[in-house]
$ cat upload.pdb   # PDB, C-alpha atoms and all ligand atoms
ATOM      1  CA  MET A   1     145.322  18.742 140.529
ATOM      2  CA  HIS A   2     142.272  16.986 142.036
ATOM      3  CA  ASP A   3     139.700  19.750 142.024
ATOM      4  CA  PRO A   4     136.063  18.684 142.521
ATOM      5  CA  SER A   5     134.875  21.210 140.016
ATOM      6  CA  ILE A   6     137.312  19.819 137.422
ATOM      7  CA  SER A   7     135.805  16.342 137.929
ATOM      8  CA  ALA A   8     132.278  17.763 137.825
ATOM      9  CA  LEU A   9     133.034  19.573 134.584
ATOM     10  CA  SER A  10     134.838  16.534 133.212
ATOM     11  CA  LEU A  11     131.746  14.432 133.967
ATOM     12  CA  ARG A  12     129.595  16.934 132.072
ATOM     13  CA  LEU A  13     132.007  16.679 129.172
ATOM     14  CA  GLN A  14     131.835  12.874 129.127
ATOM     15  CA  ARG A  15     128.031  12.839 129.410
ATOM     16  CA  ALA A  16     127.177  15.651 126.995
ATOM     17  CA  ARG A  17     125.448  14.608 123.786
ATOM     18  CA  ARG A  18     126.796  17.601 121.901
ATOM     19  CA  ILE A  19     129.647  19.943 122.894
ATOM     20  CA  THR A  20     130.536  23.240 121.271
ATOM     21  CA  VAL A  21     133.598  25.343 122.091
ATOM     22  CA  LEU A  22     134.210  28.965 121.051
ATOM     23  CA  THR A  23     137.812  30.173 121.267
ATOM     24  CA  GLY A  24     139.458  33.578 121.092
ATOM     25  CA  ALA A  25     142.938  35.065 121.056
ATOM     26  CA  GLY A  26     143.642  33.978 124.652
ATOM     27  CA  VAL A  27     143.865  30.349 123.519
ATOM     28  CA  SER A  28     146.728  31.289 121.161
ATOM     29  CA  ALA A  29     148.433  33.653 123.626
ATOM     30  CA  PRO A  30     150.582  30.884 125.238
ATOM     31  CA  SER A  31     151.875  30.105 121.723
ATOM     32  CA  GLY A  32     153.303  33.615 121.623
ATOM     33  CA  ILE A  33     150.594  35.233 119.490
ATOM     34  CA  PRO A  34     149.631  38.609 120.994
ATOM     35  CA  THR A  35     145.980  39.041 121.986
ATOM     36  CA  PHE A  36     143.959  42.008 120.813
ATOM     37  CA  ARG A  37     143.023  43.769 124.028
ATOM     38  CA  GLY A  38     145.549  42.499 126.556
ATOM     39  CA  PRO A  39     148.451  44.587 127.939
ATOM     40  CA  GLN A  40     150.600  43.833 124.860
ATOM     41  CA  GLY A  41     147.432  43.445 122.758
ATOM     42  CA  LEU A  42     147.665  43.907 119.023
ATOM     43  CA  TRP A  43     145.262  46.813 119.074
ATOM     44  CA  ARG A  44     147.563  48.634 121.547
ATOM     45  CA  SER A  45     150.055  49.444 118.824
ATOM     46  CA  HIS A  46     147.461  49.530 116.076
ATOM     47  CA  ARG A  47     143.976  51.026 115.995
ATOM     48  CA  PRO A  48     141.302  48.635 114.667
ATOM     49  CA  GLU A  49     139.759  51.425 112.609
ATOM     50  CA  ASP A  50     143.169  51.925 110.941
ATOM     51  CA  LEU A  51     143.737  48.344 109.966
ATOM     52  CA  ALA A  52     140.832  45.904 110.286
ATOM     53  CA  THR A  53     138.123  47.599 108.198
ATOM     54  CA  PRO A  54     137.313  47.559 104.469
ATOM     55  CA  GLN A  55     137.561  51.360 104.454
ATOM     56  CA  ALA A  56     141.136  51.166 105.780
ATOM     57  CA  PHE A  57     142.023  48.633 103.106
ATOM     58  CA  GLY A  58     140.448  50.752 100.372
ATOM     59  CA  ARG A  59     142.416  53.781 101.664
ATOM     60  CA  ASP A  60     145.778  52.050 102.066
ATOM     61  CA  PRO A  61     145.980  48.379 101.011
ATOM     62  CA  GLN A  62     149.762  48.441 101.386
ATOM     63  CA  LEU A  63     149.595  49.441 105.079
ATOM     64  CA  VAL A  64     146.952  46.819 105.900
ATOM     65  CA  TRP A  65     148.896  44.153 104.038
ATOM     66  CA  GLU A  66     152.114  45.065 105.878
ATOM     67  CA  TRP A  67     150.283  44.471 109.192
ATOM     68  CA  TYR A  68     148.869  41.138 108.017
ATOM     69  CA  ALA A  69     152.220  40.090 106.504
ATOM     70  CA  TRP A  70     153.873  40.882 109.874
ATOM     71  CA  ARG A  71     151.250  38.764 111.678
ATOM     72  CA  ARG A  72     151.634  35.890 109.176
ATOM     73  CA  LYS A  73     155.420  35.890 109.624
ATOM     74  CA  HIS A  74     155.035  35.897 113.429
ATOM     75  CA  ILE A  75     152.346  33.185 113.492
ATOM     76  CA  ALA A  76     154.457  30.978 111.189
ATOM     77  CA  SER A  77     157.104  30.874 113.951
ATOM     78  CA  CYS A  78     154.595  29.849 116.648
ATOM     79  CA  GLU A  79     153.481  26.345 117.594
ATOM     80  CA  PRO A  80     150.099  25.087 118.846
ATOM     81  CA  ASN A  81     150.009  24.826 122.653
ATOM     82  CA  ALA A  82     148.459  22.301 125.068
ATOM     83  CA  GLY A  83     145.091  24.049 124.796
ATOM     84  CA  HIS A  84     144.978  23.572 121.019
ATOM     85  CA  VAL A  85     146.168  19.959 121.406
ATOM     86  CA  ALA A  86     143.508  19.175 124.017
ATOM     87  CA  LEU A  87     140.738  20.495 121.742
ATOM     88  CA  ALA A  88     142.147  18.516 118.807
ATOM     89  CA  ARG A  89     141.910  15.375 120.989
ATOM     90  CA  TRP A  90     138.317  16.278 121.913
ATOM     91  CA  SER A  91     137.497  16.541 118.188
ATOM     92  CA  GLN A  92     138.883  13.029 117.716
ATOM     93  CA  VAL A  93     137.304  11.241 120.716
ATOM     94  CA  LEU A  94     134.053  13.072 121.496
ATOM     95  CA  PRO A  95     131.095  11.829 119.443
ATOM     96  CA  CYS A  96     129.604  15.215 118.655
ATOM     97  CA  PHE A  97     131.979  18.170 118.965
ATOM     98  CA  THR A  98     132.206  21.501 117.159
ATOM     99  CA  LEU A  99     134.969  24.077 117.480
ATOM    100  CA  ILE A 100     134.158  27.651 116.525
ATOM    101  CA  THR A 101     137.118  30.034 116.609
ATOM    102  CA  GLN A 102     137.460  33.783 116.308
ATOM    103  CA  ASN A 103     141.175  33.278 115.695
ATOM    104  CA  VAL A 104     142.512  33.550 112.173
ATOM    105  CA  ASP A 105     145.924  32.004 112.980
ATOM    106  CA  GLY A 106     145.163  28.425 111.913
ATOM    107  CA  LEU A 107     146.697  26.887 115.073
ATOM    108  CA  HIS A 108     143.619  24.736 115.795
ATOM    109  CA  GLU A 109     143.979  23.102 112.364
ATOM    110  CA  ARG A 110     147.759  22.703 112.844
ATOM    111  CA  ALA A 111     147.059  20.932 116.181
ATOM    112  CA  GLY A 112     144.851  18.449 114.311
ATOM    113  CA  THR A 113     141.295  19.725 114.840
ATOM    114  CA  SER A 114     139.192  19.066 111.747
ATOM    115  CA  GLY A 115     136.068  20.958 110.687
ATOM    116  CA  VAL A 116     136.995  24.155 112.524
ATOM    117  CA  LEU A 117     134.370  26.877 112.011
ATOM    118  CA  ARG A 118     136.451  29.999 111.346
ATOM    119  CA  PHE A 119     134.082  32.727 112.496
ATOM    120  CA  HIS A 120     136.413  35.567 111.477
ATOM    121  CA  GLY A 121     138.129  33.819 108.552
ATOM    122  CA  SER A 122     141.759  32.820 108.021
ATOM    123  CA  ILE A 123     144.965  34.832 107.777
ATOM    124  CA  TRP A 124     146.289  32.078 105.476
ATOM    125  CA  HIS A 125     143.542  32.585 102.899
ATOM    126  CA  LEU A 126     143.067  35.420 100.437
ATOM    127  CA  ARG A 127     140.099  36.558  98.365
ATOM    128  CA  CYS A 128     139.550  38.946  95.484
ATOM    129  CA  TRP A 129     138.986  42.542  96.633
ATOM    130  CA  ASP A 130     137.245  43.235  93.327
ATOM    131  CA  ARG A 131     134.876  40.250  93.864
ATOM    132  CA  CYS A 132     135.580  38.845  90.400
ATOM    133  CA  GLY A 133     133.927  35.573  91.412
ATOM    134  CA  ILE A 134     136.939  33.434  92.298
ATOM    135  CA  GLU A 135     136.561  31.422  95.534
ATOM    136  CA  PRO A 136     138.954  32.376  98.380
ATOM    137  CA  TRP A 137     142.258  30.541  98.044
ATOM    138  CA  ARG A 138     144.968  29.425 100.498
ATOM    139  CA  ASP A 139     148.413  31.013 100.144
ATOM    140  CA  ASP A 140     150.582  30.391 103.211
ATOM    141  CA  ARG A 141     153.872  31.511 101.672
ATOM    142  CA  VAL A 142     155.938  33.648 104.080
ATOM    143  CA  PRO A 143     156.780  36.137 102.755
ATOM    144  CA  LEU A 144     154.208  36.513  99.992
ATOM    145  CA  PRO A 145     155.964  37.123  96.644
ATOM    146  CA  GLU A 146     154.455  40.616  96.346
ATOM    147  CA  LEU A 147     152.543  43.075  98.548
ATOM    148  CA  PRO A 148     149.738  43.670  97.989
ATOM    149  CA  PRO A 149     149.177  40.254  96.376
ATOM    150  CA  ARG A 150     147.116  40.023  93.200
ATOM    151  CA  CYS A 151     144.038  37.945  92.382
ATOM    152  CA  PRO A 152     145.109  34.985  90.195
ATOM    153  CA  ALA A 153     141.855  35.198  88.206
ATOM    154  CA  CYS A 154     141.457  38.889  87.399
ATOM    155  CA  GLY A 155     144.820  40.378  88.371
ATOM    156  CA  GLY A 156     143.071  42.792  90.713
ATOM    157  CA  LEU A 157     143.907  43.383  94.385
ATOM    158  CA  ALA A 158     143.742  40.426  96.768
ATOM    159  CA  ARG A 159     142.713  40.935 100.432
ATOM    160  CA  PRO A 160     143.042  38.754 103.533
ATOM    161  CA  ASP A 161     140.072  36.366 103.736
ATOM    162  CA  VAL A 162     139.142  37.622 107.212
ATOM    163  CA  VAL A 163     136.060  39.390 108.598
ATOM    164  CA  TRP A 164     136.778  43.066 109.284
ATOM    165  CA  PHE A 165     134.777  45.403 111.519
ATOM    166  CA  GLY A 166     131.524  46.330 109.850
ATOM    167  CA  GLU A 167     131.602  43.209 107.671
ATOM    168  CA  PRO A 168     129.107  40.356 108.040
ATOM    169  CA  ILE A 169     130.103  36.850 109.086
ATOM    170  CA  ASP A 170     130.096  34.404 106.145
ATOM    171  CA  HIS A 171     126.507  33.105 106.050
ATOM    172  CA  ARG A 172     127.720  29.523 105.436
ATOM    173  CA  VAL A 173     129.726  29.683 108.690
ATOM    174  CA  LEU A 174     126.772  31.241 110.512
ATOM    175  CA  ASP A 175     124.494  28.409 109.316
ATOM    176  CA  GLN A 176     126.955  25.758 110.553
ATOM    177  CA  CYS A 177     127.246  27.600 113.886
ATOM    178  CA  GLN A 178     123.461  27.640 114.307
ATOM    179  CA  ALA A 179     123.366  23.818 114.291
ATOM    180  CA  ALA A 180     126.273  23.636 116.756
ATOM    181  CA  LEU A 181     124.416  25.897 119.225
ATOM    182  CA  ASP A 182     121.877  23.107 119.864
ATOM    183  CA  CYS A 183     124.304  21.634 122.386
ATOM    184  CA  ASP A 184     124.345  20.440 126.004
ATOM    185  CA  LEU A 185     127.666  22.053 126.858
ATOM    186  CA  PHE A 186     128.966  25.357 125.452
ATOM    187  CA  ILE A 187     132.462  26.389 126.501
ATOM    188  CA  VAL A 188     133.876  29.830 125.684
ATOM    189  CA  ALA A 189     137.650  29.998 126.165
ATOM    190  CA  GLY A 190     140.201  32.773 125.728
ATOM    191  CA  THR A 191     137.957  35.587 124.594
ATOM    192  CA  SER A 192     137.055  38.949 126.105
ATOM    193  CA  SER A 193     133.553  38.479 124.640
ATOM    194  CA  VAL A 194     133.551  42.068 123.394
ATOM    195  CA  VAL A 195     133.158  41.462 119.664
ATOM    196  CA  TYR A 196     129.725  40.631 118.248
ATOM    197  CA  PRO A 197     128.097  38.557 116.888
ATOM    198  CA  ALA A 198     130.679  36.015 118.206
ATOM    199  CA  ALA A 199     130.134  37.135 121.803
ATOM    200  CA  GLY A 200     126.404  36.511 121.482
ATOM    201  CA  LEU A 201     126.730  32.819 120.560
ATOM    202  CA  LEU A 202     126.793  31.746 124.208
ATOM    203  CA  ASP A 203     123.442  33.429 124.850
ATOM    204  CA  VAL A 204     121.857  31.517 121.966
ATOM    205  CA  ALA A 205     123.291  28.227 123.271
ATOM    206  CA  ALA A 206     122.079  29.024 126.808
ATOM    207  CA  ALA A 207     118.595  29.880 125.517
ATOM    208  CA  ARG A 208     118.527  26.446 123.879
ATOM    209  CA  GLY A 209     119.374  24.731 127.150
ATOM    210  CA  ALA A 210     123.168  24.449 127.073
ATOM    211  CA  PHE A 211     125.199  24.510 130.279
ATOM    212  CA  THR A 212     127.637  27.356 129.600
ATOM    213  CA  VAL A 213     131.210  27.603 130.862
ATOM    214  CA  GLU A 214     133.853  30.309 130.497
ATOM    215  CA  ILE A 215     137.582  29.567 130.801
ATOM    216  CA  ASN A 216     139.619  32.747 131.230
ATOM    217  CA  PRO A 217     142.191  33.932 133.818
ATOM    218  CA  GLU A 218     140.255  37.220 133.977
ATOM    219  CA  ALA A 219     136.602  38.198 134.318
ATOM    220  CA  THR A 220     134.974  39.295 131.064
ATOM    221  CA  ASP A 221     131.665  40.581 129.754
ATOM    222  CA  ALA A 222     130.544  36.951 129.592
ATOM    223  CA  SER A 223     131.420  36.017 133.186
ATOM    224  CA  SER A 224     128.044  37.025 134.596
ATOM    225  CA  ARG A 225     126.158  35.318 131.757
ATOM    226  CA  VAL A 226     127.603  31.793 132.014
ATOM    227  CA  ASN A 227     126.664  29.004 134.416
ATOM    228  CA  LEU A 228     130.313  28.461 135.415
ATOM    229  CA  SER A 229     133.079  31.029 135.032
ATOM    230  CA  TRP A 230     136.429  29.292 135.487
ATOM    231  CA  ARG A 231     139.352  31.540 136.402
ATOM    232  CA  GLY A 232     142.257  29.792 134.755
ATOM    233  CA  PRO A 233     144.405  29.566 131.636
ATOM    234  CA  ALA A 234     142.963  27.420 128.851
ATOM    235  CA  GLU A 235     146.197  25.528 128.221
ATOM    236  CA  GLN A 236     146.109  24.234 131.834
ATOM    237  CA  VAL A 237     142.368  23.623 132.239
ATOM    238  CA  LEU A 238     141.395  22.087 128.891
ATOM    239  CA  PRO A 239     143.868  19.141 129.058
ATOM    240  CA  LEU A 240     142.458  18.214 132.505
ATOM    241  CA  LEU A 241     138.853  17.990 131.387
ATOM    242  CA  LEU A 242     139.020  14.899 129.215
ATOM    243  CA  ASP A 243     141.449  13.011 131.453
ATOM    244  CA  PRO A 244     140.913  14.504 134.914
ATOM    245  CA  GLY A 245     143.397  11.965 136.273
ATOM    246  CA  PRO A 246     143.249  10.141 139.662
TER     247      PRO A 246
HETATM  248  C1  LIG A 301     129.288  43.023 112.150
HETATM  249  C2  LIG A 301     139.613  40.561 112.107
HETATM  250  C3  LIG A 301     127.426  43.797 110.946
HETATM  251  C4  LIG A 301     140.370  39.365 111.800
HETATM  252  C5  LIG A 301     138.160  40.971 113.986
HETATM  253  C6  LIG A 301     130.477  50.224 116.456
HETATM  254  C7  LIG A 301     131.048  50.491 115.225
HETATM  255  C8  LIG A 301     131.274  49.483 114.271
HETATM  256  C9  LIG A 301     130.898  48.158 114.570
HETATM  257  C10 LIG A 301     130.339  47.924 115.812
HETATM  258  C11 LIG A 301     130.118  48.922 116.762
HETATM  259  N1  LIG A 301     129.577  48.346 117.853
HETATM  260  C12 LIG A 301     129.445  47.020 117.655
HETATM  261  C13 LIG A 301     129.888  46.759 116.419
HETATM  262  C14 LIG A 301     129.919  45.465 115.802
HETATM  263  C15 LIG A 301     131.375  44.999 115.806
HETATM  264  C16 LIG A 301     131.809  44.811 117.239
HETATM  265  O1  LIG A 301     131.400  43.877 117.888
HETATM  266  N2  LIG A 301     132.676  45.742 117.734
HETATM  267  C17 LIG A 301     133.128  45.646 119.109
HETATM  268  C18 LIG A 301     134.596  46.046 119.199
HETATM  269  C19 LIG A 301     132.241  46.558 119.966
HETATM  270  N3  LIG A 301     131.351  43.728 115.117
HETATM  271  C20 LIG A 301     131.544  43.697 113.794
HETATM  272  O2  LIG A 301     131.814  44.676 113.113
HETATM  273  C21 LIG A 301     131.342  42.328 113.176
HETATM  274  N4  LIG A 301     130.497  42.490 112.029
HETATM  275  O3  LIG A 301     128.787  43.331 113.191
HETATM  276  O4  LIG A 301     128.714  43.208 110.927
HETATM  277  C22 LIG A 301     126.885  43.616 109.592
HETATM  278  C23 LIG A 301     125.824  42.716 109.411
HETATM  279  C24 LIG A 301     125.297  42.581 108.141
HETATM  280  C25 LIG A 301     125.819  43.293 107.051
HETATM  281  C26 LIG A 301     126.901  44.176 107.249
HETATM  282  C27 LIG A 301     127.438  44.345 108.528
HETATM  283  C28 LIG A 301     132.671  41.763 112.698
HETATM  284  C29 LIG A 301     133.570  41.516 113.889
HETATM  285  C30 LIG A 301     134.865  40.863 113.411
HETATM  286  C31 LIG A 301     135.961  41.882 113.508
HETATM  287  N5  LIG A 301     137.222  41.263 113.145
HETATM  288  N6  LIG A 301     139.360  40.625 113.552
HETATM  289  C32 LIG A 301     141.754  39.549 112.339
HETATM  290  O5  LIG A 301     142.515  40.338 111.738
HETATM  291  O6  LIG A 301     142.047  38.917 113.355
HETATM  292  S1  LIG A 301     137.819  41.036 115.632
HETATM  293  C33 LIG A 301     139.138  40.681 116.631
HETATM  294  O7  LIG A 301     138.611  40.588 117.946
HETATM  295  C34 LIG A 301     139.749  39.314 116.392
HETATM  296  O8  LIG A 301     139.203  38.616 115.288
HETATM  297  C35 LIG A 301     139.409  38.529 117.646
HETATM  298  O9  LIG A 301     139.100  37.237 117.326
HETATM  299  C36 LIG A 301     138.230  39.255 118.127
HETATM  300  C37 LIG A 301     137.838  39.014 119.549
HETATM  301  O10 LIG A 301     138.968  39.274 120.365
HETATM  302  P1  LIG A 301     139.354  38.111 121.403
HETATM  303  O11 LIG A 301     139.614  36.870 120.647
HETATM  304  O12 LIG A 301     138.320  38.049 122.471
HETATM  305  O13 LIG A 301     140.737  38.639 121.966
HETATM  306  P2  LIG A 301     140.938  39.720 123.134
HETATM  307  O14 LIG A 301     142.372  40.179 123.080
HETATM  308  O15 LIG A 301     139.842  40.731 123.073
HETATM  309  O16 LIG A 301     140.739  38.887 124.480
HETATM  310  C38 LIG A 301     141.638  37.842 124.810
HETATM  311  C39 LIG A 301     141.079  37.164 126.054
HETATM  312  O17 LIG A 301     141.888  36.026 126.345
HETATM  313  C40 LIG A 301     141.115  38.038 127.286
HETATM  314  O18 LIG A 301     139.849  37.970 127.944
HETATM  315  C41 LIG A 301     142.202  37.397 128.171
HETATM  316  O19 LIG A 301     141.893  37.497 129.555
HETATM  317  C42 LIG A 301     142.106  35.979 127.736
HETATM  318  N7  LIG A 301     143.330  35.188 127.938
HETATM  319  C43 LIG A 301     144.629  35.600 127.912
HETATM  320  N8  LIG A 301     145.438  34.519 128.113
HETATM  321  C44 LIG A 301     144.631  33.433 128.259
HETATM  322  C45 LIG A 301     143.294  33.851 128.144
HETATM  323  N9  LIG A 301     142.255  33.003 128.247
HETATM  324  C46 LIG A 301     142.546  31.700 128.479
HETATM  325  N10 LIG A 301     143.805  31.218 128.593
HETATM  326  C47 LIG A 301     144.858  32.053 128.484
HETATM  327  N11 LIG A 301     146.110  31.563 128.610
HETATM  328 ZN    ZN A 302     139.743  38.666  91.029
END
$ encode --input "upload.pdb" --output "structure tokens" --more "lines below"
Ligand code: BV8
Ligand code: ZN
Amino acid sequence: MHDPSISALSLRLQRARRITVLTGAGVSAPSGIPTFRGPQGLWRSHRPEDLATPQAFGRDPQLVWEWYAWRRKHIASCEPNAGHVALARWSQVLPCFTLITQNVDGLHERAGTSGVLRFHGSIWHLRCWDRCGIEPWRDDRVPLPELPPRCPACGGLARPDVVWFGEPIDHRVLDQCQAALDCDLFIVAGTSSVVYPAAGLLDVAAARGAFTVEINPEATDASSRVNLSWRGPAEQVLPLLLDPGP
């Protein structure tokens, strides 16, 4: 598809000194992982306040774990798609590239992207609910041997190592994101840009001089705030940008 704006964007990509990409659930949708707010969105059959808050977990850890165990089982059967693969290639060939993702599914890492900044954590990692001091640990067994799982250090409850509503972003991740926002090109792909502070990252990048681009088949809260809002699916657009072809 020879589209002048593809070549213009591809040129920006090749010339940028530093490129940062923020992804959301829409990048994993073609892999079969439901988004949060789409027609079949995850939140349709579940209410965020019921499942993705510390209060909900404190009230009913079993229920929250059953939802996460269901998501882990489903994600384990899904494969990275062309959008994930394209970004993995960018991380290998572009001199200064950072991927920040709101997704907890781990598909960017499975596609080969290293150094992913997991803004909302990882569904494959657990941490101690009782904060006994142990560092979060990876446990990608499907199914987990017991629900709710226990902390290997203190025997207390373990929780998914994700960021729930009302919880702060890990300050180490925030610090790494701050450096990545000093970029020439900031691309936000596959997110409704509803959830903060993730949705505010593009404004910080823009304020620091980045050219900002959105890739999404639909208009979002970010569409009027970016320099270029591209109406298209990430898995089709991203692969074209590094090799725009003849
Ligand atoms: C914080 C958990 C403060 C992990 C998630 C009122 C009450 C309480 C809180 C708030 C409030 N108002 C504002 C807030 C703050 C709140 C917030 O922003 N709420 C929103 C809903 C208004 N934010 C927080 O609570 C954050 N923490 O503020 O803490 C604080 C500070 C200091 C000390 C203490 C506290 C924490 C937010 C993190 C919440 N956790 N998930 C998990 O289980 O997954 S958020 C959840 O939404 C997911 O993580 C997801 O990543 C995130 C964003 O969703 P999207 O990725 O954008 O997905 P969505 O379905 O919405 O959109 C998909 C898009 O893809 C669509 O636009 C679609 O068109 C597009 N698409 C579809 N197909 C494709 C495509 N695009 C491209 N290609 C395709 N093929
Ligand atoms: Zn513990």
$ atom_distance --input "upload.pdb" --atom1 "atom O14 of ligand LIG 301 (chain A)" --atom2 "atom CA of A:Ser192"
6.2 Å
$ resolve_selection --input "upload.pdb" --expression "the PyMOL selection byres (((chain A and resi 172-176) around 12) and not hetatm)" --output "ChimeraX atom specification"
/A:20,98-102,115-121,163,168-171,177-182,197-198,201
$ closest_atom_pairs --input "upload.pdb" --of "chain A" --to "ligand LIG 301 (chain A)" --cutoff "7 Å" --atoms "all atoms listed in the file" --output "tab-separated table"
residue	atom	partner	partner_atom	distance
A:Thr23	CA	A:LIG301	O11	7.0
A:Gly24	CA	A:LIG301	O11	3.3
A:Ala25	CA	A:LIG301	O11	3.8
A:Gly26	CA	A:LIG301	O17	3.2
A:Val27	CA	A:LIG301	N10	5.1
A:Ala29	CA	A:LIG301	N8	5.5
A:Pro30	CA	A:LIG301	N11	5.6
A:Thr35	CA	A:LIG301	O14	3.9
A:Phe36	CA	A:LIG301	O14	3.3
A:Arg37	CA	A:LIG301	O14	3.8
A:Gly38	CA	A:LIG301	O14	5.2
A:Gly41	CA	A:LIG301	O14	6.0
A:Ala52	CA	A:LIG301	C2	5.8
A:Gln102	CA	A:LIG301	O9	4.0
A:Asn103	CA	A:LIG301	O9	4.8
A:Val104	CA	A:LIG301	O6	5.5
A:His120	CA	A:LIG301	C4	5.5
A:Gly121	CA	A:LIG301	C4	6.8
A:Val162	CA	A:LIG301	C4	5.1
A:Val163	CA	A:LIG301	N5	5.1
A:Trp164	CA	A:LIG301	N5	4.3
A:Phe165	CA	A:LIG301	O2	3.4
A:Gly166	CA	A:LIG301	O2	3.7
A:Glu167	CA	A:LIG301	O4	4.4
A:Pro168	CA	A:LIG301	O4	4.1
A:Ile169	CA	A:LIG301	N4	6.4
A:Ala189	CA	A:LIG301	C46	5.7
A:Gly190	CA	A:LIG301	N9	3.3
A:Thr191	CA	A:LIG301	O12	3.3
A:Ser192	CA	A:LIG301	O18	3.5
A:Ser193	CA	A:LIG301	O12	5.3
A:Val194	CA	A:LIG301	C17	5.6
A:Val195	CA	A:LIG301	O1	3.5
A:Tyr196	CA	A:LIG301	O1	3.7
A:Pro197	CA	A:LIG301	O3	6.1
A:Ile215	CA	A:LIG301	C46	5.9
A:Asn216	CA	A:LIG301	N9	4.0
A:Pro217	CA	A:LIG301	O19	5.6
A:Glu218	CA	A:LIG301	O19	4.7
A:Thr220	CA	A:LIG301	O18	5.9
A:Gly232	CA	A:LIG301	N10	6.5
A:Pro233	CA	A:LIG301	N10	3.5
A:Ala234	CA	A:LIG301	N10	3.9
A:Glu235	CA	A:LIG301	N11	6.0
$ resolve_selection --input "upload.pdb" --expression "the PyMOL selection byres (((not hetatm)) within 8 of (chain A and resi 302))" --output "number ranges by chain"
A: 127-134, 150-158
$ closest_residue --input "upload.pdb" --among "A:Gly106, A:Gly209, A:Pro239, A:Gly83" --to "A:Arg138" --atoms "only C-alpha atoms"
A:Gly106
$ atom_distance --input "upload.pdb" --atom1 "atom CA of A:Asp184" --atom2 "atom CA of A:Ser122"
27.9 Å
$ closest_residue --input "upload.pdb" --among "A:Ser10, A:Gly58, A:Leu22, A:Leu144" --to "A:Leu202" --atoms "all atoms listed in the file"
A:Leu22
$ atom_distance --input "upload.pdb" --atom1 "atom CA of A:Thr53" --atom2 "atom CA of A:Asp140"
21.8 Å
$ closest_residue --input "upload.pdb" --among "A:His84, A:Ala56, A:Arg47, A:Asp105" --to "A:Arg71" --atoms "only C-alpha atoms"
A:Asp105
